[in-house]
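Everything below belongs to my_file-v3.csv, which stores CSV, C-alpha atoms and all ligand atoms.
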chain,number,residue,atom,x,y,z
A,300,MET,CA,0.0,0.0,0.0
A,301,THR,CA,1.2,3.5,-0.8
A,302,ALA,CA,-0.4,6.2,1.3
A,303,GLN,CA,-2.5,9.1,0.1
A,304,VAL,CA,-0.4,12.2,0.8
A,305,LEU,CA,-2.5,14.7,2.8
A,306,ASP,CA,-1.4,17.9,1.1
A,307,GLY,CA,-1.8,20.6,3.8
A,308,ARG,CA,-0.3,23.2,1.5
A,309,ALA,CA,-3.0,22.7,-1.2
A,310,LEU,CA,-5.8,22.4,1.3
A,311,ALA,CA,-4.7,25.6,3.1
A,312,ARG,CA,-4.5,27.4,-0.2
A,313,GLN,CA,-8.1,26.4,-1.0
A,314,LEU,CA,-9.4,27.4,2.4
A,315,ASN,CA,-7.5,30.7,2.3
A,316,LYS,CA,-9.0,31.5,-1.1
A,317,ALA,CA,-12.5,30.9,0.1
A,318,LEU,CA,-11.9,32.9,3.3
A,319,LYS,CA,-10.5,35.9,1.4
A,320,GLN,CA,-13.8,36.1,-0.4
A,321,ARG,CA,-15.9,35.8,2.9
A,322,ALA,CA,-13.6,38.4,4.6
A,323,ALA,CA,-14.1,40.9,1.8
A,324,GLU,CA,-17.8,40.9,2.5
A,325,LEU,CA,-17.3,42.2,6.1
A,326,ALA,CA,-17.8,45.9,6.9
A,327,ARG,CA,-14.1,46.1,7.8
A,328,PRO,CA,-11.2,43.7,7.3
A,329,PRO,CA,-10.4,41.3,10.2
A,330,GLY,CA,-7.5,42.6,12.3
A,331,LEU,CA,-4.7,40.4,13.5
A,332,ALA,CA,-2.0,41.5,15.9
A,333,VAL,CA,1.1,39.3,16.5
A,334,ILE,CA,3.5,39.9,19.4
A,335,LEU,CA,7.0,38.6,18.8
A,336,ALA,CA,9.4,39.0,21.7
A,337,GLY,CA,13.0,38.2,21.1
A,338,GLU,CA,14.8,36.8,18.1
A,339,ASP,CA,14.2,33.1,18.0
A,340,PRO,CA,14.8,32.2,14.4
A,341,ALA,CA,12.0,29.7,14.1
A,342,SER,CA,9.5,32.1,15.7
A,343,GLN,CA,10.6,34.8,13.3
A,344,VAL,CA,9.9,32.5,10.3
A,345,TYR,CA,6.5,31.5,11.7
A,346,VAL,CA,5.5,35.0,12.5
A,347,ARG,CA,6.6,36.3,9.1
A,348,MET,CA,4.5,33.5,7.4
A,349,LYS,CA,1.5,34.4,9.5
A,350,GLY,CA,1.8,38.0,8.5
A,351,ARG,CA,2.2,37.3,4.9
A,352,VAL,CA,-0.9,35.1,4.7
A,353,ALA,CA,-2.9,37.7,6.7
A,354,GLU,CA,-2.0,40.4,4.2
A,355,ARG,CA,-2.7,38.1,1.2
A,356,LEU,CA,-6.2,37.6,2.6
A,357,GLY,CA,-6.8,41.3,2.9
A,358,PHE,CA,-6.7,41.3,6.7
A,359,HIS,CA,-5.4,44.2,8.7
A,360,HIS,CA,-2.2,42.9,10.2
A,361,GLN,CA,0.3,44.3,12.7
A,362,GLN,CA,3.4,42.8,14.2
A,363,ILE,CA,4.7,44.1,17.5
A,364,ASP,CA,8.4,43.3,17.9
A,365,LEU,CA,9.8,43.4,21.4
A,366,PRO,CA,13.4,43.0,22.4
A,367,ALA,CA,14.8,39.8,23.9
A,368,ASP,CA,15.3,41.4,27.3
A,369,THR,CA,11.7,42.6,27.4
A,370,SER,CA,9.8,42.2,30.7
A,371,LEU,CA,6.6,40.3,31.3
A,372,ASP,CA,5.0,43.6,32.3
A,373,THR,CA,5.8,45.1,28.9
A,374,ILE,CA,4.2,42.1,27.2
A,375,LEU,CA,1.2,42.3,29.4
A,376,SER,CA,0.7,46.0,28.8
A,377,THR,CA,1.0,45.5,25.1
A,378,VAL,CA,-1.7,42.8,25.3
A,379,ASP,CA,-3.9,45.2,27.3
A,380,ARG,CA,-3.5,47.9,24.7
A,381,LEU,CA,-4.5,45.4,21.9
A,382,ASN,CA,-7.4,44.1,24.0
A,383,GLN,CA,-8.8,47.6,24.0
A,384,ASP,CA,-8.2,48.3,20.3
A,385,ASP,CA,-11.4,47.9,18.3
A,386,SER,CA,-9.5,47.4,15.1
A,387,VAL,CA,-7.9,44.3,16.5
A,388,ASP,CA,-10.0,41.1,16.4
A,389,GLY,CA,-7.3,38.6,17.1
A,390,ILE,CA,-4.1,38.6,19.3
A,391,LEU,CA,-1.4,36.1,19.2
A,392,VAL,CA,1.6,36.1,21.5
A,393,GLN,CA,4.2,33.9,19.8
A,394,LEU,CA,5.7,31.3,22.0
A,395,PRO,CA,8.2,30.5,23.5
A,396,LEU,CA,8.9,33.9,25.2
A,397,PRO,CA,12.5,34.8,25.7
A,398,GLY,CA,14.4,34.8,28.9
A,399,GLY,CA,12.3,32.1,30.5
A,400,LEU,CA,9.3,34.4,30.8
A,401,ASP,CA,6.1,32.4,31.4
A,402,GLY,CA,4.1,32.2,28.2
A,403,ARG,CA,1.0,31.0,30.0
A,404,VAL,CA,0.7,34.3,31.9
A,405,ALA,CA,1.0,36.3,28.6
A,406,THR,CA,-1.5,34.2,26.6
A,407,GLU,CA,-3.9,34.2,29.5
A,408,ARG,CA,-4.0,38.0,29.4
A,409,VAL,CA,-5.6,38.0,25.9
A,410,LEU,CA,-9.4,38.5,26.0
A,411,PRO,CA,-11.0,35.2,25.2
A,412,ASP,CA,-12.9,36.8,22.3
A,413,LYS,CA,-9.6,37.8,20.8
A,414,ASP,CA,-7.8,34.6,21.7
A,415,VAL,CA,-7.3,33.4,18.1
A,416,ASP,CA,-4.7,30.9,19.4
A,417,GLY,CA,-7.3,29.2,21.6
A,418,LEU,CA,-4.8,29.1,24.5
A,419,THR,CA,-6.7,31.0,27.3
A,420,SER,CA,-8.1,28.8,30.0
A,421,VAL,CA,-11.6,30.0,28.9
A,422,ASN,CA,-11.2,28.7,25.3
A,423,ALA,CA,-9.3,25.5,26.4
A,424,GLY,CA,-12.0,24.9,29.1
A,425,LEU,CA,-14.8,25.3,26.6
A,426,LEU,CA,-13.1,22.9,24.2
A,427,SER,CA,-12.6,20.3,27.0
A,428,GLN,CA,-16.4,20.6,27.8
A,429,GLY,CA,-17.3,20.0,24.1
A,430,ARG,CA,-18.4,23.6,23.6
A,431,PRO,CA,-15.5,24.9,21.4
A,432,HIS,CA,-15.3,28.6,20.6
A,433,LEU,CA,-11.9,29.6,19.4
A,434,VAL,CA,-9.9,26.4,19.0
A,435,SER,CA,-6.1,26.2,19.0
A,436,CYS,CA,-4.9,26.4,15.4
A,437,THR,CA,-2.7,23.3,15.0
A,438,PRO,CA,-5.3,20.9,16.5
A,439,PHE,CA,-8.0,22.6,14.4
A,440,GLY,CA,-5.8,22.1,11.3
A,441,VAL,CA,-5.2,18.4,12.2
A,442,MET,CA,-9.0,17.8,12.3
A,443,ARG,CA,-9.4,19.5,8.9
A,444,LEU,CA,-6.7,17.3,7.5
A,445,LEU,CA,-8.4,14.2,8.9
A,446,GLU,CA,-11.7,15.3,7.4
A,447,SER,CA,-9.9,15.8,4.0
A,448,SER,CA,-8.7,12.1,4.2
A,449,GLY,CA,-12.3,11.1,4.1
A,450,ILE,CA,-11.9,8.9,7.2
A,451,ALA,CA,-15.0,8.5,9.4
A,452,LEU,CA,-13.6,8.8,12.9
A,453,GLU,CA,-16.5,7.4,14.8
A,454,GLY,CA,-15.5,4.3,16.8
A,455,LEU,CA,-11.9,4.3,15.6
A,456,ASP,CA,-8.9,3.8,17.9
A,457,ALA,CA,-6.8,7.0,17.9
A,458,CYS,CA,-3.6,7.7,19.7
A,459,VAL,CA,-2.2,11.1,20.3
A,460,ILE,CA,1.5,11.2,21.2
A,461,GLY,CA,2.2,14.3,23.2
A,462,ARG,CA,0.2,16.2,25.9
A,463,SER,CA,1.0,19.8,25.4
A,464,ASN,CA,-1.6,22.5,25.9
A,465,LEU,CA,-0.8,23.7,22.4
A,466,VAL,CA,-1.4,20.5,20.5
A,467,GLY,CA,-1.7,17.1,22.3
A,468,ARG,CA,-4.4,17.9,24.8
A,469,PRO,CA,-6.7,19.8,22.5
A,470,VAL,CA,-6.3,17.2,19.6
A,471,ALA,CA,-7.3,14.5,22.1
A,472,HIS,CA,-10.5,16.4,23.0
A,473,LEU,CA,-11.4,17.0,19.4
A,474,LEU,CA,-10.9,13.4,18.4
A,475,GLU,CA,-13.0,12.2,21.3
A,476,GLN,CA,-15.7,14.7,20.4
A,477,ARG,CA,-15.8,13.1,16.9
A,478,ASN,CA,-16.4,9.7,18.7
A,479,ALA,CA,-13.0,8.2,18.3
A,480,THR,CA,-11.6,6.2,21.3
A,481,VAL,CA,-8.5,8.2,22.2
A,482,THR,CA,-5.3,7.0,24.0
A,483,GLN,CA,-3.2,10.0,25.0
A,484,CYS,CA,0.5,9.0,25.1
A,485,HIS,CA,3.4,10.9,26.5
A,486,SER,CA,7.1,10.5,27.5
A,487,ARG,CA,6.2,8.1,30.3
A,488,THR,CA,3.9,5.9,28.3
A,489,ARG,CA,5.1,2.3,28.9
A,490,ASP,CA,4.6,0.6,25.6
A,491,LEU,CA,4.2,3.2,22.8
A,492,PRO,CA,4.9,0.8,19.9
A,493,GLU,CA,2.1,-1.5,21.1
A,494,ILE,CA,-0.4,1.4,21.3
A,495,VAL,CA,0.5,2.8,17.9
A,496,LYS,CA,0.2,-0.7,16.4
A,497,ARG,CA,-3.4,-0.9,17.3
A,498,SER,CA,-4.4,2.6,16.3
A,499,ASP,CA,-6.4,3.5,13.3
A,500,VAL,CA,-5.4,7.2,13.6
A,501,VAL,CA,-2.0,8.3,14.9
A,502,VAL,CA,-1.3,12.0,15.7
A,503,ALA,CA,2.4,12.5,16.5
A,504,ALA,CA,3.2,15.8,18.4
A,505,ILE,CA,6.4,14.9,20.3
A,506,GLY,CA,9.1,17.1,18.8
A,507,ARG,CA,11.6,14.3,18.2
A,508,SER,CA,12.6,13.4,14.7
A,509,ASN,CA,11.6,10.0,13.4
A,510,HIS,CA,10.5,8.9,16.9
A,511,VAL,CA,7.5,6.9,15.6
A,512,LYS,CA,8.8,4.0,13.5
A,513,GLY,CA,7.2,3.1,10.3
A,514,GLU,CA,6.9,-0.6,11.3
A,515,TRP,CA,4.6,0.5,14.2
A,516,ILE,CA,2.0,1.8,11.9
A,517,LYS,CA,-1.1,-0.4,11.5
A,518,PRO,CA,-1.8,-1.1,7.8
A,519,GLY,CA,-4.4,1.3,6.6
A,520,ALA,CA,-4.0,3.8,9.4
A,521,VAL,CA,-4.1,7.6,9.0
A,522,VAL,CA,-1.0,9.3,10.2
A,523,ILE,CA,-0.8,13.0,11.1
A,524,ASP,CA,2.7,14.3,11.8
A,525,VAL,CA,2.8,17.5,13.8
A,526,GLY,CA,6.5,17.4,14.3
A,527,VAL,CA,8.8,20.0,12.8
A,528,ASN,CA,12.4,19.1,13.7
A,529,ARG,CA,15.2,21.0,12.0
A,530,MET,CA,18.2,18.9,11.2
A,531,GLU,CA,21.8,20.0,11.1
A,532,ASP,CA,21.7,20.4,7.3
A,533,GLY,CA,18.7,22.7,7.6
A,534,SER,CA,16.1,20.3,6.4
A,535,LEU,CA,12.9,19.7,8.3
A,536,ILE,CA,11.9,16.2,9.5
A,537,GLY,CA,8.7,15.1,11.2
A,538,ASP,CA,8.2,12.9,14.3
A,539,VAL,CA,7.3,9.9,12.1
A,540,GLU,CA,9.6,7.9,9.9
A,541,TYR,CA,7.9,9.0,6.8
A,542,ASP,CA,9.0,6.6,4.0
A,543,ALA,CA,8.5,3.5,6.1
A,544,ALA,CA,5.1,4.7,7.5
A,545,ALA,CA,3.9,5.7,4.0
A,546,GLN,CA,4.3,2.1,2.9
A,547,ARG,CA,1.7,1.0,5.5
A,548,ALA,CA,-0.6,3.9,6.1
A,549,ALA,CA,-3.7,4.7,4.1
A,550,ALA,CA,-3.0,8.4,4.4
A,551,ILE,CA,-0.1,10.5,5.8
A,552,THR,CA,0.9,14.1,6.1
A,553,PRO,CA,4.3,15.2,4.8
A,554,VAL,CA,6.7,17.4,6.7
A,555,PRO,CA,6.9,20.2,5.6
A,556,GLY,CA,3.7,20.8,3.7
A,557,GLY,CA,1.3,19.0,6.0
A,558,VAL,CA,0.1,20.4,9.3
A,559,GLY,CA,2.2,23.6,9.1
A,560,PRO,CA,0.2,25.5,6.4
A,561,MET,CA,-3.0,24.3,8.0
A,562,THR,CA,-2.1,25.9,11.3
A,563,ILE,CA,-1.8,29.3,9.6
A,564,ALA,CA,-5.0,28.8,7.6
A,565,MET,CA,-6.8,28.0,10.9
A,566,LEU,CA,-5.4,31.2,12.5
A,567,MET,CA,-6.9,33.1,9.6
A,568,GLU,CA,-10.2,31.3,10.1
A,569,ASN,CA,-10.2,32.1,13.9
A,570,THR,CA,-9.4,35.7,13.2
A,571,TYR,CA,-12.3,35.9,10.7
A,572,LYS,CA,-14.6,34.2,13.2
A,573,ALA,CA,-13.5,36.7,15.9
A,574,ALA,CA,-14.1,39.6,13.5
A,575,VAL,CA,-17.6,38.4,12.7
A,576,HIS,CA,-18.3,38.1,16.4
A,577,HIS,CA,-17.0,41.6,17.1
A,578,GLN,CA,-19.0,43.1,14.2
A,579,GLY,CA,-22.1,41.6,15.6
A,601,LIG,N1,4.8,28.6,18.8
A,601,LIG,C1,4.8,27.5,18.0
A,601,LIG,N2,3.5,27.3,17.6
A,601,LIG,C2,2.7,28.3,18.1
A,601,LIG,C3,1.3,28.6,18.0
A,601,LIG,O1,0.5,27.9,17.4
A,601,LIG,N3,1.0,29.7,18.7
A,601,LIG,C4,1.8,30.4,19.4
A,601,LIG,N4,1.3,31.5,20.1
A,601,LIG,N5,3.1,30.2,19.5
A,601,LIG,C5,3.6,29.1,18.9

Is it possible to express this structure as C-alpha cells?
Ligand code: GUN
Amino acid sequence: MTAQVLDGRALARQLNKALKQRAAELARPPGLAVILAGEDPASQVYVRMKGRVAERLGFHHQQIDLPADTSLDTILSTVDRLNQDDSVDGILVQLPLPGGLDGRVATERVLPDKDVDGLTSVNAGLLSQGRPHLVSCTPFGVMRLLESSGIALEGLDACVIGRSNLVGRPVAHLLEQRNATVTQCHSRTRDLPEIVKRSDVVVAAIGRSNHVKGEWIKPGAVVIDVGVNRMEDGSLIGDVEYDAAAQRAAAITPVPGGVGPMTIAMLMENTYKAAVHHQG
C-alpha cells in the first residue's frame, strides 16, 4: 500500500482563497496582531509567514516586535492595549517567550474573544467541555486534514502522542468529540509501539525526529505528523519515519507541507470568526 499524501499546503490554499472572499464581505477587514518577543529564528519565520498570509487575505495585520530582554510587564501592557483596540480582532503572543518568561501568563491576558490561538483557560476549558469557541490552530488544522482524508472517525482507535496544551491535549479532546476512542500517550507511556500498532489514527506531536517507527503503523491507518524538527543540514523532519510509514498507512501528512500550512489557515479562520463576532 502506498499512502495518500494529505497535502496541507494545497488544502490551506483552497481554504484561504474561500476565506478571502468571505472576509471581503465584512464591513471592515479582520484585524490580527502578533506579538513577537526576542529573536528566536524559528519564531521569526513562523510570524513572518502568518503576517504574509494575513496580508494576502486582505486582513489588517500588525506585528509588534519586542526586544529579547523585554519584561513580562511590557508584554502584558502590550496585550492590554491590543485588547482595548477595536480594530484588532485577534491577538497572538508567539511562544516561546525569551528569557524564560512564562508564556502562560502572557497568553492568559488575551481577552477570550480575541484569543485566536485558543490558549486561554476559557477557550481551552470550553473545548474540554465539548463547547468549542476559538480552537487552538494546530489541533483545528489536524482535524481539517483528517476530514480531508475522508476517514470516518466514529468508533476508531486513535492515539495522540504528546500532551502539550498547544497540541496534544486539544487534539485528544477534538478526536474524542468526533467519537474516536483516544489514547493519550506521552514521554512516560510504557509501551508506545504497542499502542501505535493498534491505532487507526496516529497523531504525533512529540518534537523528536523519526521517533515513531514506520513498522509500528497499522496497515491502513491515517498518520498526522505535527513534528517540525530542524536537522543540522537545515532540512525539516517530522516525528514519524515518513518513508516506512507511508508504505503501510492509508494516508499520511508530509513534513513540511502537511500540518504547518493548515495551522496558519486556521489562525486566519479564527481571526475571521472573531471579526464576525465583534462586528455583531
Ligand atoms: N509557537 C509555535 N507554535 C505556536 C502557536 O501555534 N501559537 C503560538 N502562540 N506560539 C507558537

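When only C-alpha atoms are used to measure the gap to A:Leu318, the shortest distance among A:Ala564, A:Leu335, A:Ala302, A:Leu418 belongs to A:Ala564.
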
Show me, as a Markdown table, the residues of stretch 366-466 of chain A having an atom within 12 Å of stretch 530-549 of chain A, each with the closest atom pair and its distance in Å, using only C-alpha atoms.
| residue | atom | partner | partner_atom | distance |
| --- | --- | --- | --- | --- |
| A:Leu445 | CA | A:Ala549 | CA | 11.6 |
| A:Ser448 | CA | A:Ala549 | CA | 8.9 |
| A:Gly449 | CA | A:Ala549 | CA | 10.7 |
| A:Ile450 | CA | A:Ala549 | CA | 9.7 |
| A:Ile460 | CA | A:Asp538 | CA | 9.8 |
| A:Gly461 | CA | A:Asp538 | CA | 10.8 |

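Residue nearest ligand LIG 601 (chain A), chosen from A:Val346, A:Ala574, A:Ala457, A:Ile363 and counting all atoms listed in the file: A:Val346.
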
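Nearest residue to ligand LIG 601 (chain A) among A:Gly559, A:Gly350, A:Pro366, A:Gly399 is A:Gly559, counting all atoms listed in the file.
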
Between A:Asp416, A:Asp388, A:Glu493, A:Asp401, smallest distance to ligand LIG 601 (chain A) by all atoms listed in the file belongs to A:Asp416

For stretch 372-383 of chain A, where the input has fewer atoms than it should, I would like all heavy atoms rebuilt and written as a PDB file, keeping the file's coordinate frame.
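Dumped everything to result_33.pdb:
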ATOM      1  N   ASP A 372       5.913  42.482  32.197  1.00  0.00           N
ATOM      2  CA  ASP A 372       5.000  43.600  32.300  1.00  0.00           C
ATOM      3  C   ASP A 372       4.821  44.347  30.987  1.00  0.00           C
ATOM      4  O   ASP A 372       3.722  44.787  30.660  1.00  0.00           O
ATOM      5  CB  ASP A 372       5.574  44.641  33.341  1.00  0.00           C
ATOM      6  CG  ASP A 372       5.169  44.263  34.753  1.00  0.00           C
ATOM      7  OD1 ASP A 372       4.300  43.372  34.882  1.00  0.00           O
ATOM      8  OD2 ASP A 372       5.733  44.831  35.704  1.00  0.00           O
ATOM      9  N   THR A 373       5.909  44.470  30.229  1.00  0.00           N
ATOM     10  CA  THR A 373       5.800  45.100  28.900  1.00  0.00           C
ATOM     11  C   THR A 373       4.901  44.309  27.992  1.00  0.00           C
ATOM     12  O   THR A 373       4.057  44.865  27.269  1.00  0.00           O
ATOM     13  CB  THR A 373       7.203  45.293  28.284  1.00  0.00           C
ATOM     14  OG1 THR A 373       8.009  46.025  29.191  1.00  0.00           O
ATOM     15  CG2 THR A 373       7.141  45.989  26.938  1.00  0.00           C
ATOM     16  N   ILE A 374       5.090  42.992  28.015  1.00  0.00           N
ATOM     17  CA  ILE A 374       4.200  42.100  27.200  1.00  0.00           C
ATOM     18  C   ILE A 374       2.789  42.258  27.597  1.00  0.00           C
ATOM     19  O   ILE A 374       1.888  42.421  26.762  1.00  0.00           O
ATOM     20  CB  ILE A 374       4.726  40.668  27.218  1.00  0.00           C
ATOM     21  CG1 ILE A 374       6.151  40.558  26.657  1.00  0.00           C
ATOM     22  CG2 ILE A 374       3.770  39.752  26.439  1.00  0.00           C
ATOM     23  CD1 ILE A 374       6.788  39.196  26.799  1.00  0.00           C
ATOM     24  N   LEU A 375       2.549  42.253  28.899  1.00  0.00           N
ATOM     25  CA  LEU A 375       1.200  42.300  29.400  1.00  0.00           C
ATOM     26  C   LEU A 375       0.526  43.668  29.051  1.00  0.00           C
ATOM     27  O   LEU A 375      -0.646  43.715  28.657  1.00  0.00           O
ATOM     28  CB  LEU A 375       1.130  42.086  30.911  1.00  0.00           C
ATOM     29  CG  LEU A 375       1.565  40.684  31.374  1.00  0.00           C
ATOM     30  CD1 LEU A 375       1.488  40.562  32.888  1.00  0.00           C
ATOM     31  CD2 LEU A 375       0.746  39.588  30.707  1.00  0.00           C
ATOM     32  N   SER A 376       1.297  44.747  29.137  1.00  0.00           N
ATOM     33  CA  SER A 376       0.700  46.000  28.800  1.00  0.00           C
ATOM     34  C   SER A 376       0.445  46.162  27.304  1.00  0.00           C
ATOM     35  O   SER A 376      -0.505  46.816  26.874  1.00  0.00           O
ATOM     36  CB  SER A 376       1.494  47.216  29.363  1.00  0.00           C
ATOM     37  OG  SER A 376       2.783  47.202  28.813  1.00  0.00           O
ATOM     38  N   THR A 377       1.288  45.486  26.507  1.00  0.00           N
ATOM     39  CA  THR A 377       1.000  45.500  25.100  1.00  0.00           C
ATOM     40  C   THR A 377      -0.258  44.697  24.763  1.00  0.00           C
ATOM     41  O   THR A 377      -1.089  45.139  23.958  1.00  0.00           O
ATOM     42  CB  THR A 377       2.230  44.786  24.318  1.00  0.00           C
ATOM     43  OG1 THR A 377       3.430  45.442  24.703  1.00  0.00           O
ATOM     44  CG2 THR A 377       2.061  44.850  22.808  1.00  0.00           C
ATOM     45  N   VAL A 378      -0.432  43.571  25.433  1.00  0.00           N
ATOM     46  CA  VAL A 378      -1.700  42.800  25.300  1.00  0.00           C
ATOM     47  C   VAL A 378      -2.875  43.634  25.691  1.00  0.00           C
ATOM     48  O   VAL A 378      -3.891  43.696  24.988  1.00  0.00           O
ATOM     49  CB  VAL A 378      -1.620  41.462  26.040  1.00  0.00           C
ATOM     50  CG1 VAL A 378      -2.971  40.758  26.000  1.00  0.00           C
ATOM     51  CG2 VAL A 378      -0.533  40.538  25.495  1.00  0.00           C
ATOM     52  N   ASP A 379      -2.739  44.334  26.814  1.00  0.00           N
ATOM     53  CA  ASP A 379      -3.900  45.200  27.300  1.00  0.00           C
ATOM     54  C   ASP A 379      -4.260  46.223  26.273  1.00  0.00           C
ATOM     55  O   ASP A 379      -5.443  46.462  26.039  1.00  0.00           O
ATOM     56  CB  ASP A 379      -3.450  45.888  28.614  1.00  0.00           C
ATOM     57  CG  ASP A 379      -3.366  44.929  29.791  1.00  0.00           C
ATOM     58  OD1 ASP A 379      -3.912  43.807  29.690  1.00  0.00           O
ATOM     59  OD2 ASP A 379      -2.746  45.297  30.812  1.00  0.00           O
ATOM     60  N   ARG A 380      -3.238  46.841  25.679  1.00  0.00           N
ATOM     61  CA  ARG A 380      -3.500  47.900  24.700  1.00  0.00           C
ATOM     62  C   ARG A 380      -4.274  47.272  23.483  1.00  0.00           C
ATOM     63  O   ARG A 380      -5.262  47.820  23.004  1.00  0.00           O
ATOM     64  CB  ARG A 380      -2.190  48.509  24.213  1.00  0.00           C
ATOM     65  CG  ARG A 380      -2.328  49.512  23.091  1.00  0.00           C
ATOM     66  CD  ARG A 380      -1.017  50.236  22.811  1.00  0.00           C
ATOM     67  NE  ARG A 380       0.075  49.391  22.349  1.00  0.00           N
ATOM     68  CZ  ARG A 380       0.173  48.880  21.136  1.00  0.00           C
ATOM     69  NH1 ARG A 380      -0.770  49.095  20.245  1.00  0.00           N
ATOM     70  NH2 ARG A 380       1.216  48.133  20.800  1.00  0.00           N
ATOM     71  N   LEU A 381      -3.831  46.096  23.037  1.00  0.00           N
ATOM     72  CA  LEU A 381      -4.500  45.400  21.900  1.00  0.00           C
ATOM     73  C   LEU A 381      -5.878  44.931  22.255  1.00  0.00           C
ATOM     74  O   LEU A 381      -6.791  44.947  21.430  1.00  0.00           O
ATOM     75  CB  LEU A 381      -3.603  44.285  21.381  1.00  0.00           C
ATOM     76  CG  LEU A 381      -2.241  44.709  20.818  1.00  0.00           C
ATOM     77  CD1 LEU A 381      -1.325  43.497  20.646  1.00  0.00           C
ATOM     78  CD2 LEU A 381      -2.403  45.452  19.487  1.00  0.00           C
ATOM     79  N   ASN A 382      -6.037  44.514  23.511  1.00  0.00           N
ATOM     80  CA  ASN A 382      -7.400  44.100  24.000  1.00  0.00           C
ATOM     81  C   ASN A 382      -8.387  45.214  23.823  1.00  0.00           C
ATOM     82  O   ASN A 382      -9.559  44.985  23.537  1.00  0.00           O
ATOM     83  CB  ASN A 382      -7.319  43.659  25.446  1.00  0.00           C
ATOM     84  CG  ASN A 382      -6.859  42.226  25.637  1.00  0.00           C
ATOM     85  OD1 ASN A 382      -6.963  41.393  24.726  1.00  0.00           O
ATOM     86  ND2 ASN A 382      -6.360  41.914  26.832  1.00  0.00           N
ATOM     87  N   GLN A 383      -7.890  46.462  24.031  1.00  0.00           N
ATOM     88  CA  GLN A 383      -8.800  47.600  24.000  1.00  0.00           C
ATOM     89  C   GLN A 383      -8.954  48.227  22.614  1.00  0.00           C
ATOM     90  O   GLN A 383      -9.776  49.127  22.422  1.00  0.00           O
ATOM     91  CB  GLN A 383      -8.287  48.684  24.967  1.00  0.00           C
ATOM     92  CG  GLN A 383      -8.539  48.308  26.421  1.00  0.00           C
ATOM     93  CD  GLN A 383      -7.665  49.086  27.382  1.00  0.00           C
ATOM     94  OE1 GLN A 383      -7.094  50.120  27.010  1.00  0.00           O
ATOM     95  NE2 GLN A 383      -7.560  48.597  28.605  1.00  0.00           N
TER      96      GLN A 383
END
